[in-house]
file final06.pdb (PDB, C-alpha atoms)
ATOM      1  CA  MET A   1      10.561   6.954 -22.452
ATOM      2  CA  SER A   2       8.551   5.724 -25.398
ATOM      3  CA  SER A   3       7.832   2.158 -26.451
ATOM      4  CA  PHE A   4       7.617   0.594 -29.898
ATOM      5  CA  ASP A   5       3.820   0.342 -29.483
ATOM      6  CA  GLU A   6       3.574   4.081 -28.875
ATOM      7  CA  ILE A   7       5.764   4.750 -31.913
ATOM      8  CA  LEU A   8       3.542   2.515 -34.047
ATOM      9  CA  PHE A   9       0.429   4.250 -32.699
ATOM     10  CA  ARG A  10       1.819   7.731 -33.503
ATOM     11  CA  THR A  11       2.970   6.579 -36.941
ATOM     12  CA  GLU A  12      -0.467   5.148 -37.730
ATOM     13  CA  GLU A  13      -2.135   8.357 -36.513
ATOM     14  CA  ARG A  14       0.083  10.481 -38.765
ATOM     15  CA  MET A  15      -0.616   8.219 -41.724
ATOM     16  CA  GLU A  16      -4.373   8.515 -41.112
ATOM     17  CA  LYS A  17      -4.007  12.308 -41.125
ATOM     18  CA  ALA A  18      -2.133  12.099 -44.437
ATOM     19  CA  ILE A  19      -4.985  10.018 -45.903
ATOM     20  CA  ASP A  20      -7.575  12.501 -44.574
ATOM     21  CA  HIS A  21      -5.658  15.312 -46.249
ATOM     22  CA  LEU A  22      -5.549  13.317 -49.485
ATOM     23  CA  ARG A  23      -9.332  12.821 -49.330
ATOM     24  CA  GLU A  24      -9.775  16.595 -48.961
ATOM     25  CA  GLU A  25      -7.470  17.211 -51.922
ATOM     26  CA  PHE A  26      -9.382  14.707 -54.070
ATOM     27  CA  ALA A  27     -12.707  16.270 -53.057
ATOM     28  CA  SER A  28     -11.469  19.659 -54.243
ATOM     29  CA  VAL A  29     -10.921  18.308 -57.771
ATOM     30  CA  ARG A  30     -14.202  18.640 -59.600
ATOM     31  CA  SER A  31     -15.718  15.626 -61.255
ATOM     32  CA  GLY A  32     -18.407  17.187 -63.433
ATOM     33  CA  LYS A  33     -21.020  17.630 -60.723
ATOM     34  CA  ALA A  34     -21.394  20.331 -58.107
ATOM     35  CA  SER A  35     -20.100  19.551 -54.623
ATOM     36  CA  PRO A  36     -19.443  21.910 -51.674
ATOM     37  CA  GLU A  37     -16.040  20.235 -51.137
ATOM     38  CA  LEU A  38     -15.009  21.683 -54.483
ATOM     39  CA  VAL A  39     -14.698  25.155 -52.932
ATOM     40  CA  SER A  40     -14.934  24.769 -49.149
ATOM     41  CA  ASN A  41     -11.140  24.791 -48.580
ATOM     42  CA  ILE A  42     -10.342  27.701 -50.887
ATOM     43  CA  SER A  43      -8.350  30.334 -49.018
ATOM     44  CA  VAL A  44      -9.969  33.785 -48.956
ATOM     45  CA  GLU A  45      -8.146  36.905 -47.803
ATOM     46  CA  ALA A  46     -10.707  38.416 -45.402
ATOM     47  CA  TYR A  47     -10.486  40.538 -42.261
ATOM     48  CA  GLY A  48      -6.722  40.849 -42.725
ATOM     49  CA  SER A  49      -5.927  37.125 -42.738
ATOM     50  CA  PRO A  50      -6.481  34.050 -44.912
ATOM     51  CA  MET A  51      -9.629  32.086 -44.058
ATOM     52  CA  ARG A  52     -11.235  29.036 -45.604
ATOM     53  CA  LEU A  53     -14.357  29.709 -47.631
ATOM     54  CA  ARG A  54     -16.425  27.382 -45.423
ATOM     55  CA  GLU A  55     -15.634  29.688 -42.478
ATOM     56  CA  LEU A  56     -17.002  32.714 -44.339
ATOM     57  CA  ALA A  57     -20.025  31.477 -46.239
ATOM     58  CA  ALA A  58     -22.807  28.968 -46.646
ATOM     59  CA  ILE A  59     -22.141  26.695 -49.624
ATOM     60  CA  THR A  60     -25.184  24.969 -51.109
ATOM     61  CA  VAL A  61     -25.929  22.786 -54.140
ATOM     62  CA  PRO A  62     -29.383  23.571 -55.573
ATOM     63  CA  ASP A  63     -28.788  21.180 -58.496
ATOM     64  CA  ALA A  64     -26.054  18.972 -59.949
ATOM     65  CA  HIS A  65     -24.555  21.782 -62.025
ATOM     66  CA  LEU A  66     -24.726  24.792 -59.699
ATOM     67  CA  LEU A  67     -23.047  25.848 -56.471
ATOM     68  CA  LEU A  68     -24.277  28.812 -54.448
ATOM     69  CA  VAL A  69     -21.884  30.604 -52.116
ATOM     70  CA  GLN A  70     -23.550  33.025 -49.724
ATOM     71  CA  PRO A  71     -21.095  34.911 -47.496
ATOM     72  CA  TRP A  72     -22.467  35.633 -44.043
ATOM     73  CA  ASP A  73     -20.950  39.112 -44.261
ATOM     74  CA  PRO A  74     -21.833  40.864 -47.549
ATOM     75  CA  THR A  75     -18.660  42.975 -47.334
ATOM     76  CA  VAL A  76     -16.490  39.938 -48.213
ATOM     77  CA  VAL A  77     -18.319  39.077 -51.465
ATOM     78  CA  GLY A  78     -15.552  40.742 -53.526
ATOM     79  CA  ALA A  79     -12.781  38.880 -51.674
ATOM     80  CA  VAL A  80     -14.631  35.560 -52.100
ATOM     81  CA  LYS A  81     -15.131  36.232 -55.837
ATOM     82  CA  LYS A  82     -11.436  37.046 -56.241
ATOM     83  CA  ALA A  83     -10.359  33.876 -54.391
ATOM     84  CA  LEU A  84     -12.687  31.740 -56.537
ATOM     85  CA  GLU A  85     -11.306  33.296 -59.727
ATOM     86  CA  GLU A  86      -7.716  32.651 -58.612
ATOM     87  CA  SER A  87      -8.390  29.062 -57.499
ATOM     88  CA  ARG A  88      -7.605  26.087 -59.707
ATOM     89  CA  ILE A  89     -11.220  24.903 -60.040
ATOM     90  CA  GLY A  90     -11.693  26.569 -63.428
ATOM     91  CA  ILE A  91     -15.202  27.934 -62.787
ATOM     92  CA  ASN A  92     -16.062  31.595 -63.283
ATOM     93  CA  PRO A  93     -18.026  33.006 -60.337
ATOM     94  CA  ILE A  94     -21.087  35.157 -61.042
ATOM     95  CA  VAL A  95     -21.943  37.717 -58.360
ATOM     96  CA  ASP A  96     -25.691  38.093 -57.871
ATOM     97  CA  GLY A  97     -26.174  40.667 -55.125
ATOM     98  CA  LYS A  98     -25.139  39.062 -51.834
ATOM     99  CA  LEU A  99     -24.504  35.604 -53.261
ATOM    100  CA  ILE A 100     -22.166  34.053 -55.768
ATOM    101  CA  ARG A 101     -23.281  31.516 -58.350
ATOM    102  CA  LEU A 102     -20.805  28.937 -59.631
ATOM    103  CA  PRO A 103     -22.171  27.133 -62.709
ATOM    104  CA  VAL A 104     -20.391  23.781 -62.976
ATOM    105  CA  PRO A 105     -20.174  22.923 -66.679
ATOM    106  CA  PRO A 106     -19.835  19.323 -67.820
ATOM    107  CA  LEU A 107     -16.222  18.266 -68.277
ATOM    108  CA  SER A 108     -14.759  17.880 -71.752
ATOM    109  CA  GLU A 109     -12.801  14.724 -72.528
ATOM    110  CA  GLU A 110      -9.568  16.745 -72.604
ATOM    111  CA  ARG A 111     -10.328  18.343 -69.216
ATOM    112  CA  ARG A 112     -11.134  14.909 -67.726
ATOM    113  CA  HIS A 113      -7.719  13.583 -68.733
ATOM    114  CA  GLU A 114      -6.049  16.735 -67.435
ATOM    115  CA  LEU A 115      -7.795  16.264 -64.074
ATOM    116  CA  ILE A 116      -6.736  12.608 -63.989
ATOM    117  CA  ARG A 117      -3.133  13.782 -64.295
ATOM    118  CA  VAL A 118      -3.779  16.217 -61.427
ATOM    119  CA  VAL A 119      -5.230  13.527 -59.131
ATOM    120  CA  ARG A 120      -2.388  11.140 -59.975
ATOM    121  CA  LYS A 121       0.062  13.853 -58.942
ATOM    122  CA  VAL A 122      -1.902  14.451 -55.720
ATOM    123  CA  ALA A 123      -1.879  10.692 -55.050
ATOM    124  CA  GLU A 124       1.898  10.567 -55.532
ATOM    125  CA  GLU A 125       2.268  13.465 -53.089
ATOM    126  CA  GLY A 126       0.173  11.417 -50.648
ATOM    127  CA  ARG A 127       2.459   8.405 -51.095
ATOM    128  CA  VAL A 128       5.501  10.612 -50.503
ATOM    129  CA  ALA A 129       3.904  11.992 -47.321
ATOM    130  CA  LEU A 130       3.317   8.415 -46.106
ATOM    131  CA  ARG A 131       6.944   7.517 -46.808
ATOM    132  CA  VAL A 132       8.083  10.552 -44.817
ATOM    133  CA  VAL A 133       5.922   9.403 -41.895
ATOM    134  CA  ARG A 134       7.413   5.916 -42.254
ATOM    135  CA  ARG A 135      10.923   7.350 -42.170
ATOM    136  CA  HIS A 136      10.141   9.313 -38.994
ATOM    137  CA  GLY A 137       8.652   6.222 -37.368
ATOM    138  CA  LEU A 138      11.742   4.163 -38.216
ATOM    139  CA  GLU A 139      14.033   6.921 -36.915
ATOM    140  CA  GLU A 140      12.075   7.028 -33.646
ATOM    141  CA  ALA A 141      12.331   3.247 -33.313
ATOM    142  CA  LYS A 142      16.089   3.300 -33.932
ATOM    143  CA  ALA A 143      16.536   6.124 -31.423
ATOM    144  CA  LEU A 144      14.548   4.166 -28.836
ATOM    145  CA  GLN A 145      16.699   1.105 -29.475
ATOM    146  CA  LYS A 146      19.880   3.148 -28.985
ATOM    147  CA  GLU A 147      18.773   4.799 -25.736
ATOM    148  CA  SER A 148      17.430   1.657 -24.057
ATOM    149  CA  ASP A 149      18.309  -1.998 -23.903
ATOM    150  CA  VAL A 150      15.853  -3.091 -26.593
ATOM    151  CA  SER A 151      17.006  -6.020 -28.687
ATOM    152  CA  GLU A 152      17.733  -5.975 -32.408
ATOM    153  CA  ASP A 153      14.885  -8.481 -32.878
ATOM    154  CA  ASP A 154      12.390  -6.063 -31.292
ATOM    155  CA  LEU A 155      13.659  -3.291 -33.535
ATOM    156  CA  ALA A 156      13.305  -5.537 -36.583
ATOM    157  CA  ARG A 157       9.720  -6.396 -35.565
ATOM    158  CA  ALA A 158       8.916  -2.690 -35.142
ATOM    159  CA  GLU A 159      10.409  -1.902 -38.551
ATOM    160  CA  LYS A 160       8.320  -4.689 -40.078
ATOM    161  CA  GLU A 161       5.150  -3.301 -38.453
ATOM    162  CA  VAL A 162       5.894   0.236 -39.685
ATOM    163  CA  GLN A 163       6.345  -1.173 -43.201
ATOM    164  CA  LYS A 164       3.026  -3.058 -42.917
ATOM    165  CA  LEU A 165       1.322   0.213 -41.946
ATOM    166  CA  THR A 166       2.944   1.984 -44.881
ATOM    167  CA  ASP A 167       1.864  -0.730 -47.320
ATOM    168  CA  ARG A 168      -1.706  -0.629 -45.965
ATOM    169  CA  PHE A 169      -1.986   3.146 -46.298
ATOM    170  CA  ILE A 170      -0.368   3.249 -49.743
ATOM    171  CA  GLY A 171      -2.969   0.656 -50.761
ATOM    172  CA  GLU A 172      -5.629   3.079 -49.489
ATOM    173  CA  VAL A 173      -4.094   5.883 -51.617
ATOM    174  CA  ASP A 174      -4.271   3.603 -54.655
ATOM    175  CA  ARG A 175      -7.894   2.706 -53.875
ATOM    176  CA  LEU A 176      -8.897   6.365 -53.445
ATOM    177  CA  LEU A 177      -7.119   7.241 -56.695
ATOM    178  CA  GLN A 178      -8.948   4.488 -58.552
ATOM    179  CA  VAL A 179     -12.325   5.729 -57.222
ATOM    180  CA  LYS A 180     -11.541   9.350 -58.163
ATOM    181  CA  GLU A 181     -10.366   8.359 -61.654
ATOM    182  CA  GLY A 182     -13.618   6.423 -62.076
ATOM    183  CA  GLU A 183     -15.611   9.524 -61.076
ATOM    184  CA  LEU A 184     -13.682  11.659 -63.552
ATOM    185  CA  LEU A 185     -14.154   9.216 -66.423
ATOM    186  CA  LYS A 186     -17.901   8.787 -65.816
ATOM    187  CA  VAL A 187     -19.802  11.009 -68.230
TER     188      VAL A 187
END

call {"tool": "encode", "arguments": {"input": "final06.pdb", "output": "structure tokens"}}
result
Amino acid sequence: MSSFDEILFRTEERMEKAIDHLREEFASVRSGKASPELVSNISVEAYGSPMRLRELAAITVPDAHLLLVQPWDPTVVGAVKKALEESRIGINPIVDGKLIRLPVPPLSEERRHELIRVVRKVAEEGRVALRVVRRHGLEEAKALQKESDVSEDDLARAEKEVQKLTDRFIGEVDRLLQVKEGELLKV
């Protein structure tokens, strides 16, 4: 049998995972300067299954406007190039022998505003994910209350704590969004 504390702990853990995922999503949206996170999670079809680019290649940043992707196995260069072309980063890969160059051009004003819309959408998806976790936590608490002799007051306290967690993590989403928007607007 589970207790309200365990439910709160699991709910908080799930919310932290949702925030970590949001951070990864924000990192994959380019902000005018080269960053390995921009491409590290791109899915590449290699060896008969999808793999993340960071599992297949070394990703380096020789300067602020260039990414170098060097696959450890030269036979996957074509698959990596194809995945980069199909990704939403909007950078054309240039194959140079065994490595791939990704020149990161400065962002136009129009592209900056387009990316702000993208990160706002990603942030809203993060808020929705947190609300889903909240709903599951509340359902678990109600189920625990039904199956044991826990009072209505204890249930109300647990619901209040789950809501506090939700508010705290949604505040974190808003903070991360504000930071990312600031990065995108900085020329």

call {"tool": "atom_distance", "arguments": {"input": "final06.pdb", "atom1": "CA of Pro74 (chain A)", "atom2": "CA of Lys98 (chain A)"}}
result
5.7 Å

call {"tool": "atom_distance", "arguments": {"input": "final06.pdb", "atom1": "CA of Pro106 (chain A)", "atom2": "CA of Val76 (chain A)"}}
result
28.6 Å

call {"tool": "residues_around", "arguments": {"input": "final06.pdb", "residues": "Glu172 (chain A)", "least_positions_apart": "2", "cutoff": "12 Å", "atoms": "all atoms listed in the file", "output": "count of residues only"}}
result
23

call {"tool": "resolve_selection", "arguments": {"input": "final06.pdb", "expression": "the PyMOL selection byres ((chain A and resi 11) around 9)", "output": "PyMOL selection string"}}
result
chain A and resi 6-10+12-16+133-134+136-137+162+165

call {"tool": "residues_around", "arguments": {"input": "final06.pdb", "residues": "Asp154 (chain A)", "least_positions_apart": "6", "cutoff": "10 Å", "atoms": "only C-alpha atoms", "output": "count of residues only"}}
result
4

call {"tool": "resolve_selection", "arguments": {"input": "final06.pdb", "expression": "the PyMOL selection byres ((chain A and resi 29) around 12)", "output": "PDB file with C-alpha atoms, in the frame of the given file"}}
result
ATOM      1  CA  LEU A  22      -5.549  13.317 -49.485  1.00  0.00           C
ATOM      2  CA  ARG A  23      -9.332  12.821 -49.330  1.00  0.00           C
ATOM      3  CA  GLU A  24      -9.775  16.595 -48.961  1.00  0.00           C
ATOM      4  CA  GLU A  25      -7.470  17.211 -51.922  1.00  0.00           C
ATOM      5  CA  PHE A  26      -9.382  14.707 -54.070  1.00  0.00           C
ATOM      6  CA  ALA A  27     -12.707  16.270 -53.057  1.00  0.00           C
ATOM      7  CA  SER A  28     -11.469  19.659 -54.243  1.00  0.00           C
ATOM      8  CA  ARG A  30     -14.202  18.640 -59.600  1.00  0.00           C
ATOM      9  CA  SER A  31     -15.718  15.626 -61.255  1.00  0.00           C
ATOM     10  CA  GLY A  32     -18.407  17.187 -63.433  1.00  0.00           C
ATOM     11  CA  LYS A  33     -21.020  17.630 -60.723  1.00  0.00           C
ATOM     12  CA  ALA A  34     -21.394  20.331 -58.107  1.00  0.00           C
ATOM     13  CA  SER A  35     -20.100  19.551 -54.623  1.00  0.00           C
ATOM     14  CA  PRO A  36     -19.443  21.910 -51.674  1.00  0.00           C
ATOM     15  CA  GLU A  37     -16.040  20.235 -51.137  1.00  0.00           C
ATOM     16  CA  LEU A  38     -15.009  21.683 -54.483  1.00  0.00           C
ATOM     17  CA  VAL A  39     -14.698  25.155 -52.932  1.00  0.00           C
ATOM     18  CA  SER A  40     -14.934  24.769 -49.149  1.00  0.00           C
ATOM     19  CA  ASN A  41     -11.140  24.791 -48.580  1.00  0.00           C
ATOM     20  CA  ILE A  42     -10.342  27.701 -50.887  1.00  0.00           C
ATOM     21  CA  SER A  87      -8.390  29.062 -57.499  1.00  0.00           C
ATOM     22  CA  ARG A  88      -7.605  26.087 -59.707  1.00  0.00           C
ATOM     23  CA  ILE A  89     -11.220  24.903 -60.040  1.00  0.00           C
ATOM     24  CA  GLY A  90     -11.693  26.569 -63.428  1.00  0.00           C
ATOM     25  CA  ILE A  91     -15.202  27.934 -62.787  1.00  0.00           C
ATOM     26  CA  LEU A 107     -16.222  18.266 -68.277  1.00  0.00           C
ATOM     27  CA  ARG A 111     -10.328  18.343 -69.216  1.00  0.00           C
ATOM     28  CA  ARG A 112     -11.134  14.909 -67.726  1.00  0.00           C
ATOM     29  CA  GLU A 114      -6.049  16.735 -67.435  1.00  0.00           C
ATOM     30  CA  LEU A 115      -7.795  16.264 -64.074  1.00  0.00           C
ATOM     31  CA  ILE A 116      -6.736  12.608 -63.989  1.00  0.00           C
ATOM     32  CA  ARG A 117      -3.133  13.782 -64.295  1.00  0.00           C
ATOM     33  CA  VAL A 118      -3.779  16.217 -61.427  1.00  0.00           C
ATOM     34  CA  VAL A 119      -5.230  13.527 -59.131  1.00  0.00           C
ATOM     35  CA  ARG A 120      -2.388  11.140 -59.975  1.00  0.00           C
ATOM     36  CA  LYS A 121       0.062  13.853 -58.942  1.00  0.00           C
ATOM     37  CA  VAL A 122      -1.902  14.451 -55.720  1.00  0.00           C
ATOM     38  CA  LEU A 177      -7.119   7.241 -56.695  1.00  0.00           C
ATOM     39  CA  LYS A 180     -11.541   9.350 -58.163  1.00  0.00           C
ATOM     40  CA  GLU A 181     -10.366   8.359 -61.654  1.00  0.00           C
ATOM     41  CA  GLU A 183     -15.611   9.524 -61.076  1.00  0.00           C
ATOM     42  CA  LEU A 184     -13.682  11.659 -63.552  1.00  0.00           C
TER      43      LEU A 184
END

call {"tool": "atom_distance", "arguments": {"input": "final06.pdb", "atom1": "CA of Leu66 (chain A)", "atom2": "CA of Ser43 (chain A)"}}
result
20.3 Å

call {"tool": "closest_residue", "arguments": {"input": "final06.pdb", "among": "A:Leu185, A:Glu45, A:Glu152, A:Asp5", "to": "Glu110 (chain A)", "atoms": "all atoms listed in the file"}}
result
A:Leu185

call {"tool": "closest_residue", "arguments": {"input": "final06.pdb", "among": "A:Lys146, A:Arg131, A:His21, A:Arg101", "to": "Val80 (chain A)", "atoms": "only C-alpha atoms"}}
result
A:Arg101

call {"tool": "axis_aligned_box", "arguments": {"input": "final06.pdb", "around": "region 175-183 of chain A", "padding_each_side": "3 Å", "output": "AutoDock Vina command-line options"}}
result
--center_x -11.4 --center_y 6.1 --center_z -57.8 --size_x 14.5 --size_y 12.8 --size_z 14.6

call {"tool": "residues_around", "arguments": {"input": "final06.pdb", "residues": "Leu68 (chain A)", "least_positions_apart": "3", "cutoff": "8 Å", "atoms": "all atoms listed in the file", "output": "list in words"}}
result
Ala58, Ile59, Thr60, Val61, Pro62, Leu99, Ile100, Arg101 and Leu102 of chain A

call {"tool": "residues_around", "arguments": {"input": "final06.pdb", "residues": "Ala79 (chain A)", "least_positions_apart": "5", "cutoff": "12 Å", "atoms": "all atoms listed in the file", "output": "list in words"}}
result
Ile42, Ser43, Val44, Glu45, Ala46, Tyr47, Gly48, Ser49, Pro50, Met51, Arg52, Leu53, Leu56, Ala57, Pro71, Asp73, Pro74, Leu84, Glu85, Glu86, Pro93, Val95 and Ile100 of chain A

call {"tool": "write_last_selection", "arguments": {"input": "final06.pdb", "atoms": "C-alpha atoms", "output": "PDB file, in the frame of the given file"}}
result
ATOM      1  CA  ILE A  42     -10.342  27.701 -50.887  1.00  0.00           C
ATOM      2  CA  SER A  43      -8.350  30.334 -49.018  1.00  0.00           C
ATOM      3  CA  VAL A  44      -9.969  33.785 -48.956  1.00  0.00           C
ATOM      4  CA  GLU A  45      -8.146  36.905 -47.803  1.00  0.00           C
ATOM      5  CA  ALA A  46     -10.707  38.416 -45.402  1.00  0.00           C
ATOM      6  CA  TYR A  47     -10.486  40.538 -42.261  1.00  0.00           C
ATOM      7  CA  GLY A  48      -6.722  40.849 -42.725  1.00  0.00           C
ATOM      8  CA  SER A  49      -5.927  37.125 -42.738  1.00  0.00           C
ATOM      9  CA  PRO A  50      -6.481  34.050 -44.912  1.00  0.00           C
ATOM     10  CA  MET A  51      -9.629  32.086 -44.058  1.00  0.00           C
ATOM     11  CA  ARG A  52     -11.235  29.036 -45.604  1.00  0.00           C
ATOM     12  CA  LEU A  53     -14.357  29.709 -47.631  1.00  0.00           C
ATOM     13  CA  LEU A  56     -17.002  32.714 -44.339  1.00  0.00           C
ATOM     14  CA  ALA A  57     -20.025  31.477 -46.239  1.00  0.00           C
ATOM     15  CA  PRO A  71     -21.095  34.911 -47.496  1.00  0.00           C
ATOM     16  CA  ASP A  73     -20.950  39.112 -44.261  1.00  0.00           C
ATOM     17  CA  PRO A  74     -21.833  40.864 -47.549  1.00  0.00           C
ATOM     18  CA  LEU A  84     -12.687  31.740 -56.537  1.00  0.00           C
ATOM     19  CA  GLU A  85     -11.306  33.296 -59.727  1.00  0.00           C
ATOM     20  CA  GLU A  86      -7.716  32.651 -58.612  1.00  0.00           C
ATOM     21  CA  PRO A  93     -18.026  33.006 -60.337  1.00  0.00           C
ATOM     22  CA  VAL A  95     -21.943  37.717 -58.360  1.00  0.00           C
ATOM     23  CA  ILE A 100     -22.166  34.053 -55.768  1.00  0.00           C
TER      24      ILE A 100
END

call {"tool": "closest_residue", "arguments": {"input": "final06.pdb", "among": "A:Leu138, A:Arg54, A:Ala64, A:Asn92", "to": "Arg157 (chain A)", "atoms": "only C-alpha atoms"}}
result
A:Leu138

call {"tool": "closest_residue", "arguments": {"input": "final06.pdb", "among": "A:Lys17, A:His65, A:Arg135, A:Lys82", "to": "Pro103 (chain A)", "atoms": "all atoms listed in the file"}}
result
A:His65

call {"tool": "build_atoms", "arguments": {"input": "final06.pdb", "residues": "region 132-145 of chain A", "atoms": "N, CA, C and O atoms", "output": "tab-separated table (two decimals), in the frame of the given file"}}
result
chain	number	residue	atom	x	y	z
A	132	VAL	N	7.43	9.67	-45.79
A	132	VAL	CA	8.08	10.55	-44.82
A	132	VAL	C	7.67	10.15	-43.39
A	132	VAL	O	8.51	10.07	-42.50
A	133	VAL	N	6.39	9.85	-43.21
A	133	VAL	CA	5.92	9.40	-41.90
A	133	VAL	C	6.60	8.09	-41.53
A	133	VAL	O	7.02	7.89	-40.38
A	134	ARG	N	6.72	7.19	-42.50
A	134	ARG	CA	7.41	5.92	-42.25
A	134	ARG	C	8.84	6.17	-41.81
A	134	ARG	O	9.31	5.58	-40.82
A	135	ARG	N	9.54	7.05	-42.52
A	135	ARG	CA	10.92	7.35	-42.17
A	135	ARG	C	11.03	7.89	-40.74
A	135	ARG	O	11.89	7.46	-39.97
A	136	HIS	N	10.12	8.78	-40.36
A	136	HIS	CA	10.14	9.31	-38.99
A	136	HIS	C	9.88	8.21	-37.97
A	136	HIS	O	10.53	8.17	-36.91
A	137	GLY	N	8.94	7.33	-38.28
A	137	GLY	CA	8.65	6.22	-37.37
A	137	GLY	C	9.86	5.31	-37.19
A	137	GLY	O	10.18	4.89	-36.08
A	138	LEU	N	10.55	5.01	-38.29
A	138	LEU	CA	11.74	4.16	-38.22
A	138	LEU	C	12.86	4.86	-37.44
A	138	LEU	O	13.57	4.22	-36.66
A	139	GLU	N	13.01	6.17	-37.65
A	139	GLU	CA	14.03	6.92	-36.92
A	139	GLU	C	13.74	6.91	-35.42
A	139	GLU	O	14.65	6.75	-34.60
A	140	GLU	N	12.45	7.08	-35.06
A	140	GLU	CA	12.08	7.03	-33.65
A	140	GLU	C	12.39	5.66	-33.05
A	140	GLU	O	12.88	5.55	-31.93
A	141	ALA	N	12.08	4.60	-33.80
A	141	ALA	CA	12.33	3.25	-33.31
A	141	ALA	C	13.83	3.01	-33.11
A	141	ALA	O	14.25	2.43	-32.09
A	142	LYS	N	14.64	3.47	-34.05
A	142	LYS	CA	16.09	3.30	-33.93
A	142	LYS	C	16.63	4.11	-32.75
A	142	LYS	O	17.52	3.64	-32.03
A	143	ALA	N	16.10	5.30	-32.55
A	143	ALA	CA	16.54	6.12	-31.42
A	143	ALA	C	16.17	5.45	-30.10
A	143	ALA	O	16.96	5.46	-29.15
A	144	LEU	N	14.97	4.87	-30.05
A	144	LEU	CA	14.55	4.17	-28.84
A	144	LEU	C	15.47	2.98	-28.58
A	144	LEU	O	15.87	2.73	-27.43
A	145	GLN	N	15.83	2.27	-29.63
A	145	GLN	CA	16.70	1.10	-29.48
A	145	GLN	C	18.08	1.52	-28.96
A	145	GLN	O	18.66	0.85	-28.12
